[in-house]
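Down below is the structure, laid out as structure tokens.
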Amino acid sequence: MPQKIESVAEREAFIAKFDNFLFDCDGVLWEGDHTFPGVIEAMQQIRSLGKKVLFVTNNSTKSRSSFVDKFTKLGIEASVSEVFSSAVATAAYLKHIVQFPETKKVYIIGMEGIKHELEAVGIKCCGVDEDNGVFDNESVQNDPDVGAVVVGLDTQVNYKKYNKAFTYLRQNNGCHFILTNGDSTFPTHGTLQPGAGSIASPLINALNREPDVVLGKPAQNMMETILAEHNLDPKKTCMIGDRLDTDIEFGLKGGIETLCVLTGIASEQDILSPENLVKPTYYIRGFADLAI
């Protein structure tokens, strides 16, 4: 049964138990462009106690440097080396697992974060914003140089982009179909909006084909990289998130304890439901409540 953290003694015991904290961002630290009240102070306190802080997000729309800019703007300390995103995971997968050929390029339904991280590891890209605002259903000429299609959150998605991705995946033998993350929704502006998983659904349906790989949480490629790069002891590491099927499952699959906050997707009813099979170790009203 998940333990609800409420008292000062429970908060102190929780913080003392771990040396390393992995944070989701949207729904945990902020919503849109606004931090939740008390988050800045709670984060400062965690760092003042000598804890290691890392940020693990399925948001592929920004590069790591852009995320650091956002953290700075919101008053939260962060460095590029502390940020892991699904865009970073996608670049690492194509570079090191697929060993993507230099002669090929990736067509992206998504935003600048994916393009930036792919180019940072020397992978050629097309798509992203080149078809923004294009509304037609003319036939698409195949580009045989496209060796992969990557789909992430794209707030400017349209039929032209789907048509190109469909054409490349259908006609180019061995073309990889990669989804940055499977989130069906994400919290913003006090409500929910469709996420990357929903963006990919029309392609999955049209092709009658599932993605070859879904990166980002709860996939373990990021967990393995984080634990190795930062030499973390899993027993002294905790994942803090707001979503059961990504953040909490990510931690559980990685063999670390988890804390679910109630400021994003999951509710207390969701956590305690007998039908819920993804049980966090702990849950709390919000991360700011950890401040002692």
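Note on naming: chains are A, B, ... as they come in the structure tokens, residues start from 1 per chain, ligands start from 1 in the order shown.
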Which region 56-80 of chain A residues have any atom within 12 Å of an atom of region 223-241 of chain A, and for each, what is the nearest pair of atoms with distance in Å to one decimal, counting only C-alpha atoms, rows sorted by chain and number, as a Markdown table?
```
| residue | atom | partner | partner_atom | distance |
| --- | --- | --- | --- | --- |
| A:Val56 | CA | A:Met239 | CA | 9.0 |
| A:Thr57 | CA | A:Gly241 | CA | 9.6 |
| A:Asn58 | CA | A:Gly241 | CA | 11.2 |
```
Output C-alpha atoms for every residue in that selection, as a short mmCIF file (atom, residue, chain, number, x, y, z; two decimals), in the first residue's frame.
```cif
data_model
loop_
_atom_site.label_atom_id
_atom_site.label_comp_id
_atom_site.auth_asym_id
_atom_site.auth_seq_id
_atom_site.Cartn_x
_atom_site.Cartn_y
_atom_site.Cartn_z
CA VAL A 56 13.83 13.36 -16.42
CA THR A 57 11.12 14.57 -18.79
CA ASN A 58 9.16 13.09 -21.67
#
```
Surrounding residues of Gly75 (chain A) excluding itself and chain neighbours under 5 positions, 10 Å, only C-alpha atoms, as a ChimeraX atom specification: /A:35,39-41,44,69-70
Could you give me, as a ChimeraX atom specification, the residues within 6 Å of region 77-89 of chain A, counting only C-alpha atoms and dropping anything in the same chain fewer than 4 positions from it? /A:54-58,60,64-65,68,114,117,180,216
Item checked: In region 146-256 of chain A, DSSP strand (DSSP E) residues written as a list in words -> Val146, Gly147, Ala148, Val149, Val150, Val151, His176, Phe177, Ile178, Leu179, Thr185, Phe186, Pro187, Thr188, Thr191, Leu192, Gln193, Pro194, Val213, Val214, Thr237, Cys238, Met239, Ile240 and Gly241 of chain A
For Phe177 (chain A): contacts at 7 Å, only C-alpha atoms, fewer than 3 positions along chain excluded, given as a short mmCIF file (atom, residue, chain, number, x, y, z; two decimals) with N, CA and C atoms, in the first residue's frame:
```cif
data_model
loop_
_atom_site.label_atom_id
_atom_site.label_comp_id
_atom_site.auth_asym_id
_atom_site.auth_seq_id
_atom_site.Cartn_x
_atom_site.Cartn_y
_atom_site.Cartn_z
N ALA A 148 14.35 7.08 -41.24
CA ALA A 148 13.61 6.97 -39.99
C ALA A 148 12.59 8.10 -39.91
N VAL A 149 11.48 7.81 -39.27
CA VAL A 149 10.48 8.82 -38.94
C VAL A 149 10.36 8.86 -37.43
N VAL A 150 10.56 10.04 -36.86
CA VAL A 150 10.43 10.25 -35.42
C VAL A 150 9.20 11.11 -35.16
N PRO A 211 4.83 1.56 -33.52
CA PRO A 211 6.21 2.05 -33.59
C PRO A 211 7.21 0.94 -33.28
N ASP A 212 8.37 1.01 -33.89
CA ASP A 212 9.42 0.03 -33.61
C ASP A 212 9.90 0.16 -32.17
#
```
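Residues within 9 Å of region 28-34 of chain A, counting only C-alpha atoms and excluding same-chain residues fewer than 5 positions away, are Phe23, Val39, Ile40, Lys70, Leu74, Pro187, Thr188, His189, Gly190, Ile240, Gly241, Asp242, Cys260, Val261, Leu262, Thr263, Gly264, Gly286, Phe287 and Ala288 of chain A.
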Create the file for the chosen residues now, containing N, CA and C atoms and written as a short mmCIF file (atom, residue, chain, number, x, y, z; two decimals), in the first residue's frame.
```
data_model
loop_
_atom_site.label_atom_id
_atom_site.label_comp_id
_atom_site.auth_asym_id
_atom_site.auth_seq_id
_atom_site.Cartn_x
_atom_site.Cartn_y
_atom_site.Cartn_z
N PHE A 23 13.46 13.94 -11.03
CA PHE A 23 12.21 14.70 -11.10
C PHE A 23 11.62 14.72 -12.51
N VAL A 39 7.60 25.40 -4.78
CA VAL A 39 8.53 24.49 -5.46
C VAL A 39 9.96 25.02 -5.41
N ILE A 40 10.15 26.30 -5.66
CA ILE A 40 11.50 26.87 -5.68
C ILE A 40 12.18 26.68 -4.32
N LYS A 70 14.63 27.62 -19.38
CA LYS A 70 13.31 27.69 -18.72
C LYS A 70 13.46 27.56 -17.21
N LEU A 74 12.38 30.40 -14.42
CA LEU A 74 11.43 30.10 -13.36
C LEU A 74 12.05 30.12 -11.97
N PRO A 187 -0.46 17.77 -18.82
CA PRO A 187 -1.19 18.83 -18.11
C PRO A 187 -0.66 20.21 -18.47
N THR A 188 -1.56 21.14 -18.75
CA THR A 188 -1.18 22.53 -19.00
C THR A 188 -2.40 23.44 -18.87
N HIS A 189 -2.18 24.64 -18.41
CA HIS A 189 -3.23 25.65 -18.29
C HIS A 189 -4.45 25.13 -17.52
N GLY A 190 -4.20 24.32 -16.51
CA GLY A 190 -5.29 23.83 -15.67
C GLY A 190 -6.14 22.75 -16.29
N ILE A 240 10.39 11.02 -8.70
CA ILE A 240 9.25 11.84 -8.30
C ILE A 240 8.48 12.25 -9.55
N GLY A 241 7.22 11.88 -9.64
CA GLY A 241 6.42 12.19 -10.81
C GLY A 241 4.95 12.32 -10.51
N ASP A 242 4.18 12.65 -11.54
CA ASP A 242 2.74 12.86 -11.36
C ASP A 242 1.91 11.86 -12.15
N CYS A 260 4.69 9.80 -5.89
CA CYS A 260 3.73 10.41 -6.82
C CYS A 260 3.13 11.66 -6.18
N VAL A 261 3.17 12.77 -6.92
CA VAL A 261 2.55 14.01 -6.45
C VAL A 261 1.17 14.15 -7.09
N LEU A 262 0.31 14.89 -6.42
CA LEU A 262 -1.08 15.02 -6.87
C LEU A 262 -1.35 16.34 -7.58
N THR A 263 -0.29 16.99 -8.08
CA THR A 263 -0.44 18.28 -8.75
C THR A 263 -0.56 18.16 -10.26
N GLY A 264 -0.51 16.93 -10.77
CA GLY A 264 -0.58 16.73 -12.22
C GLY A 264 -1.69 15.80 -12.64
N GLY A 286 1.85 17.58 -2.96
CA GLY A 286 2.69 18.25 -3.94
C GLY A 286 4.13 18.26 -3.49
N PHE A 287 5.05 18.41 -4.43
CA PHE A 287 6.47 18.40 -4.08
C PHE A 287 6.80 19.49 -3.06
N ALA A 288 6.15 20.64 -3.17
CA ALA A 288 6.43 21.74 -2.25
C ALA A 288 6.18 21.35 -0.79
#
```
Checklist line | Who sits within 8 Å of Ile123 (chain A), only C-alpha atoms, same chain under 4 positions skipped, as a PyMOL selection string | finding: chain A and resi 95+100+102+105-106+118-119
- Near Ile271 (chain A), counting only C-alpha atoms, which residues have an atom at most 12 Å away, once you skip same-chain residues fewer than 2 positions from it, shown as a ChimeraX atom specification? /A:1-4,242-245,248,259-262,265-269,273-284
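With CA of Lys115 (chain A) on one side and CA of Asp129 (chain A) on the other, the separation reads 10.0 Å.
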According to DSSP computed on the backbone, where in region 21-110 of chain A is there helix (DSSP H, G or I)? Give the residues as an MDAnalysis selection string. chainID A and resid 39:48 64:74 80:82 86:98
How would the residues just chosen look if you wrote them out with N, CA, C and O atoms as a tab-separated table (two decimals), in the first residue's frame?
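Saved file part.tsv follows:
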```tsv
chain	number	residue	atom	x	y	z
A	39	VAL	N	7.60	25.40	-4.78
A	39	VAL	CA	8.53	24.49	-5.46
A	39	VAL	C	9.96	25.02	-5.41
A	39	VAL	O	10.91	24.26	-5.16
A	40	ILE	N	10.15	26.30	-5.66
A	40	ILE	CA	11.50	26.87	-5.68
A	40	ILE	C	12.18	26.68	-4.32
A	40	ILE	O	13.34	26.25	-4.25
A	41	GLU	N	11.45	26.97	-3.27
A	41	GLU	CA	12.00	26.84	-1.92
A	41	GLU	C	12.31	25.38	-1.58
A	41	GLU	O	13.34	25.07	-0.98
A	42	ALA	N	11.40	24.47	-1.96
A	42	ALA	CA	11.61	23.05	-1.68
A	42	ALA	C	12.82	22.52	-2.43
A	42	ALA	O	13.62	21.74	-1.89
A	43	MET	N	13.01	22.97	-3.68
A	43	MET	CA	14.16	22.53	-4.46
A	43	MET	C	15.46	23.06	-3.87
A	43	MET	O	16.48	22.35	-3.80
A	44	GLN	N	15.43	24.31	-3.42
A	44	GLN	CA	16.62	24.89	-2.78
A	44	GLN	C	16.99	24.11	-1.53
A	44	GLN	O	18.18	23.87	-1.27
A	45	GLN	N	15.99	23.69	-0.79
A	45	GLN	CA	16.25	22.94	0.44
A	45	GLN	C	16.84	21.56	0.13
A	45	GLN	O	17.79	21.13	0.80
A	46	ILE	N	16.32	20.89	-0.88
A	46	ILE	CA	16.84	19.59	-1.28
A	46	ILE	C	18.33	19.70	-1.64
A	46	ILE	O	19.16	18.91	-1.21
A	47	ARG	N	18.66	20.72	-2.42
A	47	ARG	CA	20.06	20.92	-2.83
A	47	ARG	C	20.93	21.29	-1.63
A	47	ARG	O	22.09	20.86	-1.55
A	48	SER	N	20.40	22.09	-0.71
A	48	SER	CA	21.20	22.52	0.44
A	48	SER	C	21.58	21.35	1.34
A	48	SER	O	22.54	21.43	2.10
A	64	ARG	N	18.03	20.40	-24.36
A	64	ARG	CA	18.48	20.50	-22.97
A	64	ARG	C	18.85	21.94	-22.61
A	64	ARG	O	18.51	22.41	-21.51
A	65	SER	N	19.50	22.64	-23.51
A	65	SER	CA	19.87	24.03	-23.22
A	65	SER	C	18.62	24.90	-23.08
A	65	SER	O	18.58	25.81	-22.24
A	66	SER	N	17.60	24.61	-23.88
A	66	SER	CA	16.35	25.37	-23.76
A	66	SER	C	15.65	25.08	-22.45
A	66	SER	O	15.03	25.96	-21.84
A	67	PHE	N	15.73	23.82	-21.99
A	67	PHE	CA	15.16	23.48	-20.68
A	67	PHE	C	15.88	24.25	-19.58
A	67	PHE	O	15.24	24.77	-18.65
A	68	VAL	N	17.20	24.32	-19.66
A	68	VAL	CA	17.95	25.06	-18.64
A	68	VAL	C	17.54	26.53	-18.64
A	68	VAL	O	17.40	27.15	-17.57
A	69	ASP	N	17.31	27.09	-19.82
A	69	ASP	CA	16.83	28.48	-19.91
A	69	ASP	C	15.49	28.62	-19.19
A	69	ASP	O	15.26	29.61	-18.49
A	70	LYS	N	14.63	27.62	-19.38
A	70	LYS	CA	13.31	27.69	-18.72
A	70	LYS	C	13.46	27.56	-17.21
A	70	LYS	O	12.83	28.31	-16.46
A	71	PHE	N	14.30	26.62	-16.76
A	71	PHE	CA	14.54	26.49	-15.32
A	71	PHE	C	15.03	27.81	-14.74
A	71	PHE	O	14.56	28.26	-13.69
A	72	THR	N	15.99	28.44	-15.42
A	72	THR	CA	16.56	29.70	-14.94
A	72	THR	C	15.49	30.78	-14.86
A	72	THR	O	15.40	31.52	-13.87
A	73	LYS	N	14.67	30.86	-15.90
A	73	LYS	CA	13.60	31.86	-15.94
A	73	LYS	C	12.61	31.67	-14.79
A	73	LYS	O	12.09	32.64	-14.22
A	74	LEU	N	12.38	30.40	-14.42
A	74	LEU	CA	11.43	30.10	-13.36
A	74	LEU	C	12.05	30.12	-11.97
A	74	LEU	O	11.36	29.91	-10.97
A	80	VAL	N	22.83	21.66	-17.84
A	80	VAL	CA	22.55	20.80	-18.98
A	80	VAL	C	22.77	19.33	-18.63
A	80	VAL	O	21.99	18.46	-19.03
A	81	SER	N	23.81	19.04	-17.86
A	81	SER	CA	24.14	17.65	-17.52
A	81	SER	C	23.09	17.02	-16.61
A	81	SER	O	23.07	15.79	-16.45
A	82	GLU	N	22.23	17.83	-16.01
A	82	GLU	CA	21.19	17.31	-15.11
A	82	GLU	C	19.88	17.02	-15.83
A	82	GLU	O	18.95	16.50	-15.22
A	86	SER	N	13.11	12.96	-23.57
A	86	SER	CA	12.85	11.93	-24.57
A	86	SER	C	13.53	12.26	-25.89
A	86	SER	O	13.83	11.36	-26.69
A	87	ALA	N	13.79	13.55	-26.15
A	87	ALA	CA	14.55	13.93	-27.35
A	87	ALA	C	15.99	13.46	-27.24
A	87	ALA	O	16.58	12.97	-28.22
A	88	VAL	N	16.58	13.59	-26.07
A	88	VAL	CA	17.94	13.09	-25.82
A	88	VAL	C	17.98	11.58	-25.97
A	88	VAL	O	18.89	11.01	-26.59
A	89	ALA	N	16.96	10.90	-25.43
A	89	ALA	CA	16.88	9.44	-25.53
A	89	ALA	C	16.76	9.00	-26.98
A	89	ALA	O	17.35	7.99	-27.39
A	90	THR	N	16.01	9.76	-27.77
A	90	THR	CA	15.83	9.44	-29.19
A	90	THR	C	17.15	9.56	-29.94
A	90	THR	O	17.51	8.70	-30.75
A	91	ALA	N	17.87	10.65	-29.68
A	91	ALA	CA	19.17	10.85	-30.33
A	91	ALA	C	20.14	9.73	-29.96
A	91	ALA	O	20.85	9.19	-30.83
A	92	ALA	N	20.17	9.36	-28.69
A	92	ALA	CA	21.08	8.29	-28.25
A	92	ALA	C	20.70	6.96	-28.88
A	92	ALA	O	21.58	6.17	-29.27
A	93	TYR	N	19.41	6.70	-28.99
A	93	TYR	CA	18.95	5.44	-29.58
A	93	TYR	C	19.37	5.33	-31.05
A	93	TYR	O	19.92	4.32	-31.48
A	94	LEU	N	19.13	6.40	-31.81
A	94	LEU	CA	19.49	6.38	-33.22
A	94	LEU	C	21.01	6.30	-33.42
A	94	LEU	O	21.50	5.58	-34.30
A	95	LYS	N	21.75	7.02	-32.58
A	95	LYS	CA	23.20	7.08	-32.73
A	95	LYS	C	23.88	5.77	-32.31
A	95	LYS	O	24.72	5.24	-33.04
A	96	HIS	N	23.50	5.25	-31.15
A	96	HIS	CA	24.24	4.15	-30.56
A	96	HIS	C	23.60	2.77	-30.75
A	96	HIS	O	24.32	1.77	-30.83
A	97	ILE	N	22.29	2.71	-30.79
A	97	ILE	CA	21.61	1.42	-30.94
A	97	ILE	C	21.38	1.11	-32.42
A	97	ILE	O	21.79	0.06	-32.92
A	98	VAL	N	20.74	2.03	-33.12
A	98	VAL	CA	20.48	1.84	-34.55
A	98	VAL	C	21.75	2.01	-35.37
A	98	VAL	O	21.92	1.39	-36.41
```
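Ranking A:Asn172, A:Thr191, A:Ser63, A:Pro202 by their shortest atom-to-atom distance to Ala120 (chain A), with only C-alpha atoms included, puts A:Ser63 first.
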Across A:Gly110, A:Gly122, A:Gly127, A:Gly50, the smallest distance to Asn181 (chain A), with only C-alpha atoms counted, is shown by A:Gly110
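Note that the spacing between CA of Gln99 (chain A) and CA of Leu215 (chain A) amounts to 16.0 Å.
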